[in-house]
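Here's the structure, in C-alpha cells; my notes come after.
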Amino acid sequence: MSEDNSTVLTTENPAVLTPEILAKQLTRETVAALEGCVRCGLCAESCHYYAAQPQLQNMPVYRGEAVRKLYRKTTGRSKRLFCKPAKAKSGDEQFPDSLADMAFGTCTLCRRCTVNCPVGVDTASLMRTARSMATATGKAPEILVQLADSAISRGENIELYRDLLMEQLRDLETETRKKIDDPTFSIPVGRKGTDMLFVGLSGEHSIVPPAILFHYAKANWTFSMFEASNYGSFLADTDRSKKIAQRIIDEATELGVKEVVIGECGHAYTVLRWEAPRWFKQALPFRVRSLIEVLAEWVQDGRLVLNPDANPEPVTYHDSCNLGRNGGLLEEPRLVLRAAGRDFREMYPNREEAYCCGGGSGMVAVEEWEERRMQAGMPKAKQIKATGAKILVASCDNCRIQLSELNERYNLGIKVTGLADLVVNALVHK
Amino acid sequence: MIDIPLTILIASLSVALVGVGVWIFQLLSRNSVCDPSPGKGSDKLGVLYAFTLGMLPWKKESARLHWLLYLRGICFHAGIFAGILVLVLSIFNVTSNDVLSLVLSVFLWIGVISGLAAIVSRAADPKLRGISNADDYISPALVTLFMLTAALYIAGLTGAIYFYIPTSVLCLYLPWSKVRHCVYFFFARGKIGAMMGHRGLLLTPRAHSGKHAL
C-alpha cells in the first residue's frame, strides 16, 4: 500500500482526545478486544489489504496495536492493575493523524479478521472505535461528514425536497410504463397503512427494478422520501447515525407500515436491521428486511415466477460484508440467483469467508483513496476472474461502484449488476 | 515446620487469582452493548458454537493456512493444562501413577517445545517482531519455564523448590502480562459467537470448499 500522506486528515480545531470521548468508547466488548489479543499474527492473511500487499502495516493486529497504544497511553491500563476505569491518565491527548488515516483509509470494517481470530478479537470494532474518536476530534474525512450532515439536513427540511423528488418519481413512472408496456405501473409515495415502506438509494437503478418487482408481485407498498444510506455509520458517530435512521423510523411509524424494506445496500441494511435497535436501546416498531429477503420469499412461494434461461450467461455473486458476514444474508441471494440464472458459480472463499471488495465503509466516497481501493480490491478481482463468470451480482451500491472500477482496472470483462436487475430480466409476467 | 517454597507459591498464586479477579471485576463493571434487535438465530447457540465447533481448525481460514502454528498453539496450551495438573497434584501431595506421569510428561515436553518454537519464530519473523513488545517474549518464556520445571519435577529429576519458584514468578507476573488473555478470551469469543448466532451466521460449511482463488 502506497503511503499517501496527503490523505491524512487535518482539522482547524485542536484534535484533543478528552477523557469523556475515550470513556464513551470503552465498553466491555471494546476492552475485551483491546486486552484479549496475544499478537499471534494469524489474522494477517484474512485482511484483503494484506492479501494484496503482505506488509506489516496491513496486518489487522498492527492496526489493533495502534489503538491499544493510545488506550495504554491515555488510561495507563496494562501497566497498573488498579486504576479508575476509563479515565485519562494525565490531561488530554492529541488524537494521532496516523490513526485517523488508518481507521478510515486502511480498514473497511469488513470483520474478516474477526471471524479468523482464534481468540475472537474484534479488530474491526477497534477500528470503529478509532473512527469514532477521530470524528469526535474533527479528523474524519470531510466528505463523509458532509454526506452525513446533508442527510440530516434533508430529514429536517423534507418539505424543500418533496416536490423535486415527486417530480423525479413521476418521470421515472412515465419512462418505466413505456419500458415495460404497462400503464398501471406506479411508484406510490406517502401511502398510509401499506404493508411495506421501501427505502432505496439515490439513483433510478435502486428504485426502478424493485418497483417493477413490487408491481408484478402485487405488493402493497409505498416509497420512502429518504435514502437508506447512513454515512453517520461510516463515521462511527452514533449521534449522527441515530438522526439519519430516525428519519426513516418516523416516516415508517407515521405511515403505519408493517415492515421497512431496505434496497440493495449493505451498510443501510445492517444499520437499520442490527445497529439501530442498539442505539435506541429498543426493538423498532416494525420489521426490517432487505429487498433480498423479500425476493427470496417471493421466489420461494411462487409470487414471482422466474425464467432462468433469460440469464444464460455464467453469474457469480459477491457477498457484501455488511449483508453477509455482518448481516446474516448468505443463502437468500443464492436462492434467488439459482432461480434467476442458468449458470450460477461461486467464488471461493465465499459467504462469511468472502473477501471484502475494498470499497466498503465509506472508502468509495473518498476520492483520494482510489489507488488504495484498487490495490485492496486485487484479491476480489482474482476471485472474480477465477469463476469465469460474465455477470457479477452485488447487492450493495458501494460494492457495485468498487467492483465496476475493479472490472476496468483488472480487465475482468464482466458486467456488474444488482440482484433486482437480474430478477427483472428473468421475470415471467403473470 | 513451614514449607517455605510452598508458602511462597501459595502467596504468589493468591496474587495471581486476585489479579485475575480484579480484571474480571473491572471488565464486568463496564457497560455492555445490549442487542434488542429481533434475532435471526440464537445467541446462546452462537456462544456454544464459538467454544465448540467454531474452534475446530478447519472452520477458520487462518488455521487452515497455518495449521502448524495452530497445532503449536494447541500443544502449548495442552502443556499448560498438564503443568497446572502437576502443580495441583504437587500442592495436595498426591502421587500420580506411572501412566498419568507419562501422559503428563508427554504433554509437558510437547508444550515446552511449542513454547520455545513460539519464542524463536516471533524473534525470527520480522513482521511478528514488528507487532511484539517485551511481554510477548517474557510471558511465553515464563510459561515455558513453568512447563519445563513441571516436566523435570514429575520425572523426579528435581525437587519441588525448582518447580515452585519459577511458578511463583509466573504467578506474580501474570496479572500484568498477556497471560491474562485467559480472561478476555471468554468475553471476546463469547461476544462474537453471540453476534454470529443472533444474526444467523452459524453452520455455513460450504464457505471454503472449492479452490481458493488466491
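The chains in the C-alpha cells are called A, B, ... from first to last as shown; in each chain the residues are counted from 1, and the ligands are counted from 1 in the order shown.
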
Residue neighbourhood B:Pro38, 9 Å, only C-alpha atoms, exclusion window fewer than 5 positions, as JSON, numbers by chain:
{"A": [273, 274, 277, 283, 284, 287], "B": [198]}

Prev. selection, C-alpha atoms, output as a CSV table (one decimal), in the first residue's frame:
```
chain,number,residue,atom,x,y,z
A,273,ARG,CA,-31.7,-4.2,11.0
A,274,TRP,CA,-29.0,-4.7,13.6
A,277,PRO,CA,-32.1,-1.1,17.9
A,283,ALA,CA,-36.6,-3.0,19.0
A,284,LEU,CA,-38.0,-1.0,16.2
A,287,ARG,CA,-39.9,-5.5,10.9
B,198,HIS,CA,-28.0,-13.7,16.7
```

Find the residues of chain B that sit at most 6 Å from chain A; for each, write down the nearest two atoms and how far apart they are in Å, to one decimal. Count only C-alpha atoms. Sort by chain, then by number going up, and give it as CSV.
```
residue,atom,partner,partner_atom,distance
B:Leu27,CA,A:Arg28,CA,5.7
B:Arg30,CA,A:Arg28,CA,5.3
B:Asn31,CA,A:Thr27,CA,5.2
B:Ser32,CA,A:Arg28,CA,5.2
B:Asp35,CA,A:Arg278,CA,5.3
B:Pro36,CA,A:Ala283,CA,5.2
B:Ser37,CA,A:Ala283,CA,5.1
B:Lys60,CA,A:Asn116,CA,5.5
B:Ser62,CA,A:Asn116,CA,5.6
B:Lys127,CA,A:Leu56,CA,5.4
B:His181,CA,A:Gly36,CA,4.7
B:Tyr184,CA,A:Gly36,CA,4.9
B:Phe185,CA,A:Val119,CA,5.5
B:Ala188,CA,A:Gly120,CA,5.3
B:Arg189,CA,A:Gly120,CA,4.4
B:Arg199,CA,A:Gly328,CA,5.1
B:Gly200,CA,A:Gly328,CA,5.3
B:Leu201,CA,A:Gly328,CA,5.3
B:Ala207,CA,A:Asn350,CA,4.9
B:His208,CA,A:Pro349,CA,4.7
B:His212,CA,A:Tyr348,CA,5.0
B:Ala213,CA,A:Gln383,CA,4.9
```

Would you save the residues from that selection as a PDB file, in the first residue's frame, using C-alpha atoms?
```pdb
ATOM      1  CA  LEU B  27     -14.424  -5.733  32.838  1.00  0.00           C
ATOM      2  CA  ARG B  30     -18.172  -1.649  32.215  1.00  0.00           C
ATOM      3  CA  ASN B  31     -21.234  -1.116  30.106  1.00  0.00           C
ATOM      4  CA  SER B  32     -22.100  -3.908  27.745  1.00  0.00           C
ATOM      5  CA  ASP B  35     -28.869  -6.047  21.361  1.00  0.00           C
ATOM      6  CA  PRO B  36     -32.663  -5.633  21.322  1.00  0.00           C
ATOM      7  CA  SER B  37     -32.942  -6.368  17.596  1.00  0.00           C
ATOM      8  CA  LYS B  60     -11.120 -20.900  10.154  1.00  0.00           C
ATOM      9  CA  SER B  62      -6.343 -18.658   9.406  1.00  0.00           C
ATOM     10  CA  LYS B 127       6.508  -8.983  10.873  1.00  0.00           C
ATOM     11  CA  HIS B 181      -5.951 -13.147  27.801  1.00  0.00           C
ATOM     12  CA  TYR B 184     -10.648 -11.844  27.926  1.00  0.00           C
ATOM     13  CA  PHE B 185     -10.734 -14.837  25.610  1.00  0.00           C
ATOM     14  CA  ALA B 188     -14.275 -11.760  23.227  1.00  0.00           C
ATOM     15  CA  ARG B 189     -15.062 -15.150  21.780  1.00  0.00           C
ATOM     16  CA  ARG B 199     -27.581 -12.769  13.047  1.00  0.00           C
ATOM     17  CA  GLY B 200     -27.992 -16.319  11.772  1.00  0.00           C
ATOM     18  CA  LEU B 201     -24.422 -16.877  10.656  1.00  0.00           C
ATOM     19  CA  ALA B 207     -17.916 -21.228   2.522  1.00  0.00           C
ATOM     20  CA  HIS B 208     -14.425 -22.522   1.837  1.00  0.00           C
ATOM     21  CA  HIS B 212      -9.272 -20.782  -3.216  1.00  0.00           C
ATOM     22  CA  ALA B 213      -8.792 -18.074  -5.786  1.00  0.00           C
TER      23      ALA B 213
END
```

Report as a count of residues only all protein, DNA and RNA residues lying within 8 Å of A:Phe234, evaluated on only C-alpha atoms, omitting residues in the same chain fewer than 3 positions from it.
6

Can you pull out the residues contacting B:Ile74? Cut-off 12 Å, using only C-alpha atoms, and skip same-chain residues under 3 positions away; I want them as a PyMOL selection string.
(chain A and resi 118) or (chain B and resi 55-57+63+67-71+77-81+107+110-111+114-115+118)

Let's have the selection written as an mmCIF file, in the first residue's frame, with C-alpha atoms.
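File produced: part-v3.cif:
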```cif
data_model
loop_
_atom_site.group_PDB
_atom_site.id
_atom_site.type_symbol
_atom_site.label_atom_id
_atom_site.label_comp_id
_atom_site.auth_asym_id
_atom_site.auth_seq_id
_atom_site.Cartn_x
_atom_site.Cartn_y
_atom_site.Cartn_z
ATOM 1 C CA PRO A 118 -8.558 -17.733 17.378
ATOM 2 C CA MET B 55 -12.828 -23.725 17.473
ATOM 3 C CA LEU B 56 -12.147 -26.553 15.052
ATOM 4 C CA PRO B 57 -9.146 -25.784 12.865
ATOM 5 C CA ALA B 63 -5.998 -22.116 10.957
ATOM 6 C CA TRP B 67 -2.197 -25.427 10.588
ATOM 7 C CA LEU B 68 1.263 -25.939 12.073
ATOM 8 C CA LEU B 69 1.031 -22.696 14.026
ATOM 9 C CA TYR B 70 -2.469 -23.582 15.131
ATOM 10 C CA LEU B 71 -1.283 -27.036 16.227
ATOM 11 C CA HIS B 77 -1.989 -24.797 25.850
ATOM 12 C CA ALA B 78 -2.277 -28.567 26.416
ATOM 13 C CA GLY B 79 1.144 -28.383 28.064
ATOM 14 C CA ILE B 80 -0.055 -25.546 30.292
ATOM 15 C CA PHE B 81 -3.056 -27.556 31.451
ATOM 16 C CA PHE B 107 2.113 -33.088 27.113
ATOM 17 C CA ILE B 110 5.421 -31.038 23.701
ATOM 18 C CA GLY B 111 4.339 -27.824 25.418
ATOM 19 C CA SER B 114 5.950 -25.461 21.322
ATOM 20 C CA GLY B 115 6.786 -22.611 23.693
ATOM 21 C CA ALA B 118 6.864 -19.734 19.539
#
```

What's around stretch 293-299 of chain A at 7 Å? Count only C-alpha atoms, leave out sequence neighbours fewer than 3 positions away in its own chain, and write the answer as a VMD selection string.
chain A and resid 289 to 290 302 to 305 332 to 333 335 to 336
